[in-house]
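Undergrad: Dumping the structure here so I can ask a few things about it.
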Amino acid sequence: MDSLALLASLGLAGYALCYILACAAFPFGACRRCKGTGKLRNPFARRMYRLCPRCDGTGHRVRIGRRIYEYLRSERRQGTR
């Protein structure tokens, strides 16, 4: 039973490490609303598409892990002044 808990905790730690490295290397991910295109279909306007309001038409969003990292970094910077 102890070896199963150890294996699970090592797996979770490995997954967390991989996510941290992914957030450092690739801080932006595809926008979920427009699926990375930056455009949404507009059924009421004459134009066929409009810019995605969530990502402002870029198709990218900042990952949650990167937001947490930036928040902790700014808190540390403000606390050490």
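Note on naming: chains are A, B, ... as they come in the structure tokens, residues start from 1 per chain, ligands start from 1 in the order shown.
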Extract, using only C-alpha atoms, all DNA, RNA and protein residues at most 10 Å from segment 30-43 of chain A, discarding same-chain residues fewer than 3 positions from it, and format them as an MDAnalysis selection string.

TA: chainID A and resid 46:63

Undergrad: Please report the interatomic distance between atom CA of Ala5 of chain A and atom CA of Tyr19 of chain A in Å with one decimal.

TA: 21.1 Å

Undergrad: As a PyMOL selection string, please: every residue in chain A that DSSP puts in strand (DSSP E).

TA: chain A and resi 28-30+39-41+49-51+60-62

Undergrad: Those residues with N, CA, C and O atoms, as an mmCIF file, in the first residue's frame please?

TA:
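The result, written out as selection_18.cif:
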data_model
loop_
_atom_site.group_PDB
_atom_site.id
_atom_site.type_symbol
_atom_site.label_atom_id
_atom_site.label_comp_id
_atom_site.auth_asym_id
_atom_site.auth_seq_id
_atom_site.Cartn_x
_atom_site.Cartn_y
_atom_site.Cartn_z
ATOM 1 N N PHE A 28 1.698 30.958 -23.632
ATOM 2 C CA PHE A 28 0.391 31.174 -24.245
ATOM 3 C C PHE A 28 -0.184 29.870 -24.767
ATOM 4 O O PHE A 28 0.520 29.030 -25.305
ATOM 5 N N GLY A 29 -1.505 29.730 -24.633
ATOM 6 C CA GLY A 29 -2.219 28.590 -25.174
ATOM 7 C C GLY A 29 -3.306 29.091 -26.108
ATOM 8 O O GLY A 29 -3.559 30.294 -26.213
ATOM 9 N N ALA A 30 -3.974 28.191 -26.796
ATOM 10 C CA ALA A 30 -5.044 28.571 -27.703
ATOM 11 C C ALA A 30 -6.269 29.014 -26.907
ATOM 12 O O ALA A 30 -6.597 28.444 -25.868
ATOM 13 N N LYS A 39 -11.389 34.479 -34.374
ATOM 14 C CA LYS A 39 -12.642 34.916 -34.992
ATOM 15 C C LYS A 39 -13.803 34.077 -34.476
ATOM 16 O O LYS A 39 -13.651 32.900 -34.163
ATOM 17 N N LEU A 40 -14.974 34.703 -34.424
ATOM 18 C CA LEU A 40 -16.218 34.011 -34.089
ATOM 19 C C LEU A 40 -17.251 34.317 -35.155
ATOM 20 O O LEU A 40 -17.274 35.417 -35.707
ATOM 21 N N ARG A 41 -18.104 33.368 -35.422
ATOM 22 C CA ARG A 41 -19.198 33.623 -36.366
ATOM 23 C C ARG A 41 -20.155 34.619 -35.749
ATOM 24 O O ARG A 41 -20.514 34.531 -34.592
ATOM 25 N N TYR A 49 -17.698 37.158 -39.830
ATOM 26 C CA TYR A 49 -16.981 36.889 -38.596
ATOM 27 C C TYR A 49 -16.765 38.185 -37.831
ATOM 28 O O TYR A 49 -16.774 39.274 -38.393
ATOM 29 N N ARG A 50 -16.530 38.034 -36.530
ATOM 30 C CA ARG A 50 -16.136 39.156 -35.689
ATOM 31 C C ARG A 50 -14.966 38.693 -34.837
ATOM 32 O O ARG A 50 -14.722 37.498 -34.696
ATOM 33 N N LEU A 51 -14.243 39.645 -34.266
ATOM 34 C CA LEU A 51 -13.100 39.291 -33.433
ATOM 35 C C LEU A 51 -13.584 38.699 -32.111
ATOM 36 O O LEU A 51 -14.593 39.128 -31.555
ATOM 37 N N HIS A 60 -4.817 33.728 -28.717
ATOM 38 C CA HIS A 60 -3.978 33.224 -27.634
ATOM 39 C C HIS A 60 -4.519 33.672 -26.289
ATOM 40 O O HIS A 60 -5.166 34.706 -26.176
ATOM 41 N N ARG A 61 -4.223 32.902 -25.272
ATOM 42 C CA ARG A 61 -4.543 33.258 -23.895
ATOM 43 C C ARG A 61 -3.351 32.885 -23.037
ATOM 44 O O ARG A 61 -2.536 32.039 -23.412
ATOM 45 N N VAL A 62 -3.233 33.519 -21.886
ATOM 46 C CA VAL A 62 -2.138 33.212 -20.973
ATOM 47 C C VAL A 62 -2.552 31.996 -20.142
ATOM 48 O O VAL A 62 -3.668 31.940 -19.622
#

Undergrad: Take atom CA of Glu70 of chain A and atom CA of Ala16 of chain A and report the distance between them in Å, one decimal.

TA: 17.0 Å
